[in-house]
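Student: File name start-v9.cif; file contents mmCIF, C-alpha atoms; full text below.
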data_protein
loop_
_atom_site.label_atom_id
_atom_site.label_comp_id
_atom_site.auth_asym_id
_atom_site.auth_seq_id
_atom_site.Cartn_x
_atom_site.Cartn_y
_atom_site.Cartn_z
CA MET O 126 -9.16 32.66 10.71
CA LYS O 127 -12.33 32.17 12.76
CA ARG O 128 -12.46 29.70 15.62
CA MET O 129 -13.55 26.26 14.42
CA ASP O 130 -17.10 25.38 15.40
CA LEU O 131 -17.26 21.84 16.86
CA ASP O 132 -20.87 21.42 15.77
CA GLY O 133 -19.82 22.25 12.22
CA LEU O 134 -16.94 19.80 12.48
CA ALA O 135 -19.34 17.09 13.66
CA ASP O 136 -21.63 17.78 10.69
CA PHE O 137 -18.67 17.63 8.30
CA VAL O 138 -17.65 14.22 9.73
CA LEU O 139 -21.27 13.07 9.45
CA VAL O 140 -21.41 14.05 5.75
CA ALA O 141 -18.00 12.54 5.00
CA SER O 142 -18.81 9.30 6.82
CA ASN O 143 -22.02 8.84 4.83
CA GLY O 144 -20.50 9.75 1.48
CA GLY O 145 -22.62 12.82 0.80
CA LEU O 146 -25.25 15.27 1.92
CA GLY O 147 -28.22 13.18 0.78
CA ARG O 148 -27.30 10.07 2.73
CA ALA O 149 -26.39 12.10 5.81
CA ALA O 150 -29.71 13.94 5.63
CA ARG O 151 -31.72 10.73 5.26
CA LYS O 152 -29.88 9.10 8.17
CA THR O 153 -30.39 12.00 10.58
CA GLY O 154 -33.66 13.51 9.36
CA ARG O 155 -31.99 16.92 8.91
CA SER O 156 -32.21 18.94 5.72
CA LYS O 157 -29.49 18.87 3.06
CA ALA O 158 -29.49 22.68 3.04
CA THR O 159 -28.68 22.87 6.75
CA LEU O 160 -25.85 20.36 6.49
CA SER O 161 -24.46 22.08 3.41
CA ARG O 162 -24.49 25.45 5.16
CA LYS O 163 -22.71 24.03 8.23
CA VAL O 164 -19.97 22.50 6.07
CA ALA O 165 -19.61 25.78 4.14
CA ASP O 166 -19.30 27.73 7.41
CA LEU O 167 -16.57 25.32 8.55
CA GLU O 168 -14.71 25.82 5.27
CA GLU O 169 -14.91 29.58 5.71
CA ALA O 170 -13.65 29.35 9.29
CA LEU O 171 -10.69 27.20 8.27
CA GLY O 172 -9.95 29.11 5.07
CA VAL O 173 -9.78 25.95 2.93
CA ARG O 174 -12.11 23.97 0.70
CA LEU O 175 -13.00 20.63 2.29
CA VAL O 176 -15.49 19.29 -0.25
CA GLU O 177 -15.70 19.33 -4.03
CA ARG O 178 -19.39 19.53 -4.92
CA GLY O 179 -20.69 18.12 -8.20
CA ALA O 180 -24.16 17.89 -9.64
CA ARG O 181 -24.73 14.40 -8.21
CA HIS O 182 -21.64 13.47 -6.25
CA MET O 183 -19.42 14.89 -3.56
CA ARG O 184 -15.77 14.11 -2.85
CA LEU O 185 -13.35 15.28 -0.20
CA THR O 186 -10.41 17.47 -1.11
CA ALA O 187 -6.95 16.55 0.19
CA GLU O 188 -7.52 18.95 3.08
CA GLY O 189 -10.95 17.49 3.73
CA GLU O 190 -9.60 13.94 3.73
CA ALA O 191 -6.85 14.92 6.19
CA LEU O 192 -9.34 16.58 8.52
CA PHE O 193 -11.73 13.63 8.34
CA VAL O 194 -9.00 11.08 9.17
CA ARG O 195 -7.76 13.14 12.12
CA THR O 196 -11.13 13.90 13.69
CA ARG O 197 -13.59 11.05 13.08
CA GLY O 198 -12.14 8.80 15.81
CA PRO O 199 -11.87 11.41 18.58
CA LEU O 200 -15.34 12.80 17.85
CA SER O 201 -16.84 9.31 18.00
CA GLU O 202 -15.14 8.65 21.31
CA LEU O 203 -16.32 11.97 22.77
CA HIS O 204 -19.90 11.25 21.78
CA GLN O 205 -19.63 7.77 23.30
CA ALA O 206 -18.15 9.19 26.51
CA GLY O 207 -21.05 11.64 26.77
CA ASP O 208 -23.56 8.85 26.24
CA ASP O 209 -21.86 6.66 28.85
CA VAL O 210 -21.79 9.42 31.47
CA GLY O 211 -25.22 10.76 30.60
CA SER O 212 -27.01 7.45 30.83
CA GLY O 213 -25.56 6.55 34.21
CA THR O 214 -27.10 3.12 33.84
CA GLY O 215 -24.03 1.02 33.10
CA VAL O 216 -25.85 -0.41 30.06
CA LEU O 217 -23.45 -1.07 27.19
CA SER O 218 -24.77 -0.10 23.78
CA GLY O 219 -23.71 0.81 20.27
CA PRO O 220 -21.17 -0.74 17.90
CA LEU O 221 -18.09 -2.66 19.02
CA ARG O 222 -15.80 -3.43 16.06
CA ILE O 223 -13.12 -6.11 16.44
CA SER O 224 -10.48 -7.44 14.05
CA ALA O 225 -8.88 -10.81 14.79
CA PRO O 226 -6.98 -13.61 13.00
CA LEU O 227 -9.01 -16.35 11.37
CA LEU O 228 -7.87 -19.09 13.73
CA ILE O 229 -8.67 -17.24 16.95
CA SER O 230 -11.97 -15.99 15.54
CA HIS O 231 -13.15 -19.47 14.57
CA VAL O 232 -11.82 -21.36 17.59
CA ALA O 233 -12.69 -18.98 20.42
CA LEU O 234 -13.71 -15.41 19.66
CA SER O 235 -17.08 -16.12 18.03
CA ARG O 236 -18.23 -18.11 21.07
CA ILE O 237 -16.91 -15.53 23.54
CA ALA O 238 -18.56 -12.66 21.65
CA ALA O 239 -21.86 -14.55 21.59
CA GLU O 240 -21.73 -14.95 25.38
CA PHE O 241 -20.89 -11.26 25.85
CA SER O 242 -23.71 -10.27 23.51
CA ARG O 243 -26.22 -12.23 25.59
CA LEU O 244 -25.10 -10.28 28.65
CA HIS O 245 -25.28 -6.94 26.80
CA PRO O 246 -28.01 -7.21 24.15
CA ARG O 247 -27.87 -3.51 23.20
CA LEU O 248 -24.35 -3.92 21.86
CA GLU O 249 -23.75 -4.43 18.13
CA ILE O 250 -20.61 -6.58 17.98
CA ALA O 251 -18.94 -6.88 14.59
CA ILE O 252 -15.95 -9.23 14.24
CA THR O 253 -13.85 -9.26 11.08
CA ALA O 254 -11.76 -12.43 10.79
CA GLU O 255 -8.70 -11.66 8.68
CA ASP O 256 -5.04 -12.67 8.55
CA ARG O 257 -3.64 -9.22 7.76
CA PHE O 258 -2.21 -6.25 9.64
CA VAL O 259 -4.94 -3.82 10.67
CA ASP O 260 -4.48 -0.21 11.76
CA PRO O 261 -7.35 0.18 14.24
CA ILE O 262 -7.18 3.97 14.25
CA GLU O 263 -7.28 4.37 10.48
CA GLU O 264 -9.85 1.61 9.93
CA GLY O 265 -12.12 2.37 12.86
CA TYR O 266 -11.72 -0.78 14.96
CA ASP O 267 -12.27 -0.59 18.72
CA LEU O 268 -10.12 -3.68 19.38
CA VAL O 269 -7.65 -5.85 17.49
CA VAL O 270 -6.29 -9.28 18.39
CA ARG O 271 -2.71 -9.80 17.23
CA THR O 272 0.03 -12.38 17.45
CA ASN O 273 3.42 -11.06 18.62
CA PRO O 274 2.56 -7.38 18.12
CA LYS O 275 5.40 -4.95 17.64
CA PRO O 276 5.87 -2.43 20.47
CA THR O 277 4.17 0.89 19.80
CA GLU O 278 3.20 3.96 21.79
CA ASN O 279 -0.18 4.08 20.06
CA MET O 280 -1.51 0.75 21.38
CA VAL O 281 -2.04 -0.77 24.80
CA GLY O 282 -3.57 -4.07 25.78
CA ARG O 283 -3.46 -7.39 27.52
CA ARG O 284 -1.70 -10.62 26.73
CA LEU O 285 -4.31 -13.36 26.39
CA PHE O 286 -2.19 -16.49 26.10
CA THR O 287 1.05 -17.96 24.84
CA ASP O 288 1.31 -20.73 22.27
CA GLN O 289 3.98 -22.97 20.79
CA LEU O 290 4.74 -23.75 17.14
CA LEU O 291 5.24 -27.40 16.14
CA LEU O 292 6.40 -29.16 13.00
CA VAL O 293 3.64 -31.64 12.17
CA THR O 294 2.68 -34.07 9.40
CA ALA O 295 0.09 -36.74 8.77
CA PRO O 296 1.23 -40.19 9.98
CA GLN O 297 1.86 -41.43 6.44
CA VAL O 298 4.31 -38.59 5.71
CA ALA O 299 7.80 -39.52 6.91
CA LEU O 300 10.56 -36.99 7.65
CA ALA O 301 14.28 -37.69 7.81
CA PRO O 302 15.29 -37.48 11.48
CA GLU O 303 18.58 -35.83 10.47
CA GLY O 304 16.80 -33.00 8.60
CA GLY O 305 17.05 -31.92 4.97
CA PRO O 306 14.44 -31.17 2.25
CA VAL O 307 10.79 -31.72 3.10
CA ALA O 308 7.53 -31.27 1.19
CA ALA O 309 5.86 -28.29 2.84
CA VAL O 310 2.51 -26.52 3.06
CA LEU O 311 3.07 -22.80 3.55
CA MET O 312 1.10 -19.61 4.13
CA SER O 313 0.83 -17.46 1.01
CA ARG O 314 1.60 -14.21 2.76
CA THR O 315 5.02 -15.36 4.01
CA GLY O 316 6.28 -15.01 0.45
CA GLU O 317 9.32 -17.25 0.82
CA ALA O 318 10.34 -20.62 2.22
CA ARG O 319 12.96 -20.31 4.96
CA ASP O 320 14.74 -23.15 6.73
CA TRP O 321 13.01 -24.54 9.81
CA GLN O 322 15.09 -24.89 12.96
CA ILE O 323 13.39 -27.68 14.90
CA GLU O 324 14.19 -28.72 18.44
CA THR O 325 13.84 -32.50 18.84
CA ALA O 326 14.62 -34.95 21.60
CA SER O 327 18.01 -35.60 20.02
CA GLY O 328 18.91 -31.94 19.40
CA VAL O 329 18.32 -29.16 16.88
CA VAL O 330 17.57 -30.29 13.30
CA THR O 331 17.28 -28.11 10.17
CA TYR O 332 14.63 -28.84 7.55
CA SER O 333 14.48 -27.07 4.16
CA PRO O 334 10.80 -26.66 3.15
CA GLN O 335 10.04 -27.44 -0.48
CA PRO O 336 6.65 -25.84 -1.17
CA VAL O 337 3.92 -28.06 -2.57
CA LEU O 338 1.03 -25.78 -1.54
CA TRP O 339 0.74 -22.05 -0.81
CA LEU O 340 -2.48 -21.32 1.09
CA SER O 341 -3.96 -18.06 2.35
CA SER O 342 -5.42 -19.31 5.65
CA ILE O 343 -3.93 -21.21 8.56
CA LEU O 344 -7.14 -23.28 8.68
CA MET O 345 -6.52 -24.32 5.06
CA VAL O 346 -2.93 -25.27 5.94
CA HIS O 347 -4.23 -27.40 8.80
CA GLU O 348 -6.67 -29.27 6.58
CA ALA O 349 -4.07 -29.82 3.84
CA VAL O 350 -1.57 -31.30 6.31
CA ARG O 351 -4.25 -33.56 7.77
CA ALA O 352 -4.88 -34.78 4.22
CA GLY O 353 -1.22 -35.75 3.84
CA ALA O 354 -0.02 -32.91 1.57
CA GLY O 355 3.22 -32.43 3.50
CA ALA O 356 4.67 -30.89 6.64
CA ALA O 357 3.76 -27.54 8.18
CA ILE O 358 4.45 -25.30 11.14
CA LEU O 359 1.25 -25.02 13.20
CA PRO O 360 0.40 -23.84 16.74
CA ILE O 361 -0.20 -26.49 19.36
CA SER O 362 -3.58 -24.90 20.19
CA LEU O 363 -4.77 -25.89 16.70
CA VAL O 364 -3.30 -29.40 16.47
CA GLU O 365 -3.51 -30.64 20.07
CA ALA O 366 -6.60 -32.76 19.40
CA ASP O 367 -5.06 -34.15 16.20
CA LEU O 368 -1.91 -35.20 18.04
CA ALA O 369 -3.93 -36.86 20.79
CA GLY O 370 -6.08 -38.71 18.25
CA GLY O 371 -3.24 -39.72 15.96
CA THR O 372 -4.45 -37.69 12.97
CA LEU O 373 -1.15 -35.78 13.03
CA VAL O 374 2.29 -36.52 14.42
CA GLN O 375 4.76 -34.07 15.92
CA TRP O 376 8.39 -33.94 14.78
CA GLY O 377 9.56 -31.23 17.17
CA SER O 378 9.01 -27.63 18.24
CA VAL O 379 10.17 -24.55 16.36
CA LEU O 380 13.27 -22.97 17.88
CA ASN O 381 13.32 -19.30 18.91
CA ARG O 382 9.82 -18.39 17.72
CA PRO O 383 7.74 -17.59 20.80
CA VAL O 384 4.05 -16.92 20.29
CA GLU O 385 2.06 -14.38 22.32
CA VAL O 386 -1.52 -13.42 21.52
CA TRP O 387 -2.67 -9.94 22.61
CA VAL O 388 -5.86 -7.91 22.54
CA LEU O 389 -5.09 -4.25 21.87
CA HIS O 390 -6.79 -0.88 21.59
CA ALA O 391 -5.64 2.65 20.76
CA SER O 392 -3.95 4.32 23.71
CA GLN O 393 -4.78 7.90 22.72
CA ARG O 394 -8.50 7.27 22.63
CA LEU O 395 -10.81 7.29 25.60
CA ALA O 396 -11.24 3.69 26.69
CA SER O 397 -15.01 3.39 26.67
CA PRO O 398 -16.76 1.02 29.08
CA LYS O 399 -17.69 -1.37 26.26
CA VAL O 400 -14.01 -1.73 25.33
CA THR O 401 -12.69 -2.18 28.87
CA ARG O 402 -15.45 -4.60 29.87
CA PHE O 403 -15.08 -6.73 26.76
CA VAL O 404 -11.31 -6.92 27.32
CA ALA O 405 -11.91 -7.98 30.93
CA PHE O 406 -14.47 -10.58 29.83
CA LEU O 407 -12.09 -11.89 27.18
CA ALA O 408 -9.30 -12.14 29.75
CA GLU O 409 -11.51 -14.27 32.00
CA GLN O 410 -11.61 -16.94 29.28
CA PHE O 411 -7.80 -17.21 29.28
CA PRO O 412 -6.27 -17.71 32.78
CA GLU O 413 -2.86 -16.52 31.56
CA ALA O 414 -4.33 -13.12 30.72
CA LYS O 415 -4.79 -12.31 34.40
CA LEU O 416 -1.03 -12.38 34.90
CA GLU O 417 -0.09 -9.42 32.72
CA LEU O 418 -1.57 -6.07 31.79
CA ALA O 419 0.91 -3.94 29.88
CA PRO O 420 1.86 -2.42 26.54
CA PRO O 421 2.97 -4.89 23.84
CA PRO O 422 6.24 -6.78 24.50
CA SER O 423 9.53 -5.14 23.58
CA ALA O 424 10.98 -8.22 21.89
CA PRO O 425 11.04 -8.23 18.05
CA ALA O 426 7.92 -9.73 16.51
CA ALA O 427 8.21 -13.08 14.80
CA LYS O 428 6.55 -13.62 11.43
CA LEU O 429 3.85 -16.20 12.04
CA PRO O 430 1.14 -17.83 9.94
CA ASN O 431 -1.61 -15.73 11.43
CA ASN O 432 -2.13 -12.09 12.36
#
Using structure tokens, write down the structure that the file contains.

Tutor:
Amino acid sequence: MKRMDLDGLADFVLVASNGGLGRAARKTGRSKATLSRKVADLEEALGVRLVERGARHMRLTAEGEALFVRTRGPLSELHQAGDDVGSGTGVLSGPLRISAPLLISHVALSRIAAEFSRLHPRLEIAITAEDRFVDPIEEGYDLVVRTNPKPTENMVGRRLFTDQLLLVTAPQVALAPEGGPVAAVLMSRTGEARDWQIETASGVVTYSPQPVLWLSSILMVHEAVRAGAGAAILPISLVEADLAGGTLVQWGSVLNRPVEVWVLHASQRLASPKVTRFVAFLAEQFPEAKLELAPPPSAPAAKLPNN
């Protein structure tokens, strides 16, 4: 087997990323024939077929898909590292992709990203707000914000802040102080209604949620509870203003469900300046973040109504 040509590998990733020779050629201004030849040379060097070529469409073989998944991230990081070193200007540029839960995105991250963008106008910041687990390596995100992330060797990051979960209702919704069944608004992705262990001034009380609404977003849960639909478990960061204004009332805090919010990035990739500087800027907005810089916590992750 011949030695793999890195230029050929880069052209293969370019073609695969753009979904075909035509799009890759139009994007780069290079000819389809040149790109096709480079991919063919790579296939010959590796001794496997990477691409199935049709009259109008192209698709990756299983071997091509495996090679693309393994190499697209590292190649991108190497190109970015070269640009960063070569420019020597300290100017941040290019895409910065971030995935974060809906609540954090709406409450804080959009504003923080806007401020960072004003400081670094050549950056292209893209934030996807979603309450689902994201694999940043597989899906091409530079950063992810997660609640109670599980420990992993593949991710490192910084704890931004801690939060507390409360049992809350609208003032007109009464709960039995001794516990028992309660009309509840729940997150759809939890899939089941488990008993709530609530710490009150008089001790620990158990409530059995009886679902009246299943909603896909924590912001929807918040609005439904404010409208009097029932009780819900919500973070104090979301309901603090409601409690102060009397829109919601607190019945106690959730027992044994700590909340830590982290910003994470892949540990095996080169940490580019745009990643490290955005993390530092983000940490400045949360005083707690300055206290800890470490891999994710070793405690088991709690299942919470956000990411």

Student: Could you tell me, as number ranges by chain, exactly which residues end up selected when the PyMOL selection byres ((chain O and resi 167) around 12) is applied to this structure?

Tutor: O: 126-138, 160-166, 168-176, 189, 192

Student: By how many Å are CA of Trp387 in chain O and CA of Ala366 in chain O apart?

Tutor: 23.4 Å

Student: For the provided coordinates, the residues matched by the PyMOL selection byres ((chain O and resi 142) around 12) should be stated as a count of residues only.

Tutor: 28

Student: In Å to one decimal, how far is CA of Ala369 in chain O from CA of Leu285 in chain O?

Tutor: 24.2 Å

Student: Could you list as a PyMOL selection string every residue that has an atom within 12 Å of (12.4, -35.0, 7.5), using the file's coordinates and counting only C-alpha atoms?

Tutor: chain O and resi 292-294+298-309+321-323+325+330-335+355-357+375-377

Student: I'd like the residues picked by the PyMOL selection byres ((chain O and resi 248) around 8) written out as a PDB file with C-alpha atoms, in the frame of the given file, using the chain letters and numbers from the file.

Tutor:
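Contents of expr03.pdb, as written:
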ATOM      1  CA  LEU O 217     -23.450  -1.070  27.190  1.00  0.00           C
ATOM      2  CA  SER O 218     -24.770  -0.100  23.780  1.00  0.00           C
ATOM      3  CA  GLY O 219     -23.710   0.810  20.270  1.00  0.00           C
ATOM      4  CA  PRO O 220     -21.170  -0.740  17.900  1.00  0.00           C
ATOM      5  CA  LEU O 221     -18.090  -2.660  19.020  1.00  0.00           C
ATOM      6  CA  SER O 242     -23.710 -10.270  23.510  1.00  0.00           C
ATOM      7  CA  HIS O 245     -25.280  -6.940  26.800  1.00  0.00           C
ATOM      8  CA  PRO O 246     -28.010  -7.210  24.150  1.00  0.00           C
ATOM      9  CA  ARG O 247     -27.870  -3.510  23.200  1.00  0.00           C
ATOM     10  CA  GLU O 249     -23.750  -4.430  18.130  1.00  0.00           C
ATOM     11  CA  ILE O 250     -20.610  -6.580  17.980  1.00  0.00           C
TER      12      ILE O 250
END

Student: Which residues are near range 340-351 of chain O? Cut-off 9 Å, only C-alpha atoms, ignore same chain within fewer than 4 positions. Put them as a PyMOL selection string.

Tutor: chain O and resi 227-228+255-256+293-296+309-314+355-357+359+363-364+367+372-373+430-431

Student: Hey, can you check how far CA of Ile229 in chain O sits from CA of Ile252 in chain O?

Tutor: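 According to the coordinates, CA of Ile229 in chain O and CA of Ile252 in chain O are separated by 11.2 Å.
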
Student: Please work out which residues fall within 7 Å of (-3.6, 1.4, 20.7), coordinates as given in the file, with only C-alpha atoms counting, and return them as a ChimeraX atom specification.

Tutor: /O:279-281,389-393

Student: Find, counting only C-alpha atoms, the residue in O:Ala191, O:Glu324, O:Ser156, O:Glu385 that gets nearest to Pro274 in chain O.

Tutor: O:Glu385

Student: Smallest atom-to-atom distance to Asp260 in chain O: which of O:Gln289, O:Ser327, O:Thr401, O:Ser224, using only C-alpha atoms?

Tutor: O:Ser224

Student: Starting from 5 Å padding per side, set up an axis-aligned box that covers all listed atoms of range 144-150 of chain O and hand over centre and edge lengths in Å, one decimal, as lines of an AutoDock Vina configuration file.

Tutor:
center_x = -25.1
center_y = 12.5
center_z = 3.3
size_x = 19.2
size_y = 15.5
size_z = 15.0

Student: Complete the atom set of range 310-331 of chain O to N, CA and C atoms and return it as a short mmCIF file (atom, residue, chain, number, x, y, z; two decimals), in the coordinates of the input.

Tutor:
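As a result, selection15.cif now contains:
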data_model
loop_
_atom_site.label_atom_id
_atom_site.label_comp_id
_atom_site.auth_asym_id
_atom_site.auth_seq_id
_atom_site.Cartn_x
_atom_site.Cartn_y
_atom_site.Cartn_z
N VAL O 310 3.70 -27.34 3.29
CA VAL O 310 2.51 -26.52 3.06
C VAL O 310 2.74 -25.20 3.77
N LEU O 311 2.69 -24.10 3.02
CA LEU O 311 3.07 -22.80 3.55
C LEU O 311 1.95 -21.78 3.40
N MET O 312 2.02 -20.73 4.23
CA MET O 312 1.10 -19.61 4.13
C MET O 312 1.51 -18.71 2.98
N SER O 313 0.54 -18.28 2.18
CA SER O 313 0.83 -17.46 1.01
C SER O 313 1.51 -16.15 1.37
N ARG O 314 1.10 -15.54 2.47
CA ARG O 314 1.60 -14.21 2.76
C ARG O 314 3.04 -14.20 3.27
N THR O 315 3.62 -15.36 3.58
CA THR O 315 5.02 -15.36 4.01
C THR O 315 5.93 -15.03 2.84
N GLY O 316 5.56 -15.42 1.64
CA GLY O 316 6.28 -15.01 0.45
C GLY O 316 7.54 -15.78 0.13
N GLU O 317 8.11 -16.49 1.08
CA GLU O 317 9.32 -17.25 0.82
C GLU O 317 9.40 -18.43 1.79
N ALA O 318 10.17 -19.43 1.40
CA ALA O 318 10.34 -20.62 2.22
C ALA O 318 11.71 -20.57 2.90
N ARG O 319 11.71 -20.36 4.19
CA ARG O 319 12.96 -20.31 4.96
C ARG O 319 13.17 -21.63 5.69
N ASP O 320 14.42 -21.92 5.99
CA ASP O 320 14.74 -23.15 6.73
C ASP O 320 14.03 -23.16 8.08
N TRP O 321 13.64 -24.36 8.51
CA TRP O 321 13.01 -24.54 9.81
C TRP O 321 14.02 -25.10 10.79
N GLN O 322 14.25 -24.40 11.87
CA GLN O 322 15.09 -24.89 12.96
C GLN O 322 14.19 -25.57 13.98
N ILE O 323 14.31 -26.89 14.07
CA ILE O 323 13.39 -27.68 14.90
C ILE O 323 14.14 -28.31 16.06
N GLU O 324 13.61 -28.11 17.24
CA GLU O 324 14.19 -28.72 18.44
C GLU O 324 13.53 -30.07 18.68
N THR O 325 14.33 -31.13 18.63
CA THR O 325 13.84 -32.50 18.84
C THR O 325 14.47 -33.08 20.09
N ALA O 326 14.06 -34.29 20.42
CA ALA O 326 14.62 -34.95 21.60
C ALA O 326 16.11 -35.20 21.47
N SER O 327 16.59 -35.31 20.24
CA SER O 327 18.01 -35.60 20.02
C SER O 327 18.82 -34.34 19.68
N GLY O 328 18.20 -33.17 19.70
CA GLY O 328 18.91 -31.94 19.40
C GLY O 328 18.21 -31.10 18.34
N VAL O 329 18.90 -30.07 17.86
CA VAL O 329 18.32 -29.16 16.88
C VAL O 329 18.58 -29.71 15.47
N VAL O 330 17.52 -29.77 14.67
CA VAL O 330 17.57 -30.29 13.30
C VAL O 330 17.06 -29.21 12.35
N THR O 331 17.69 -29.10 11.18
CA THR O 331 17.28 -28.11 10.17
C THR O 331 16.59 -28.80 9.01
#
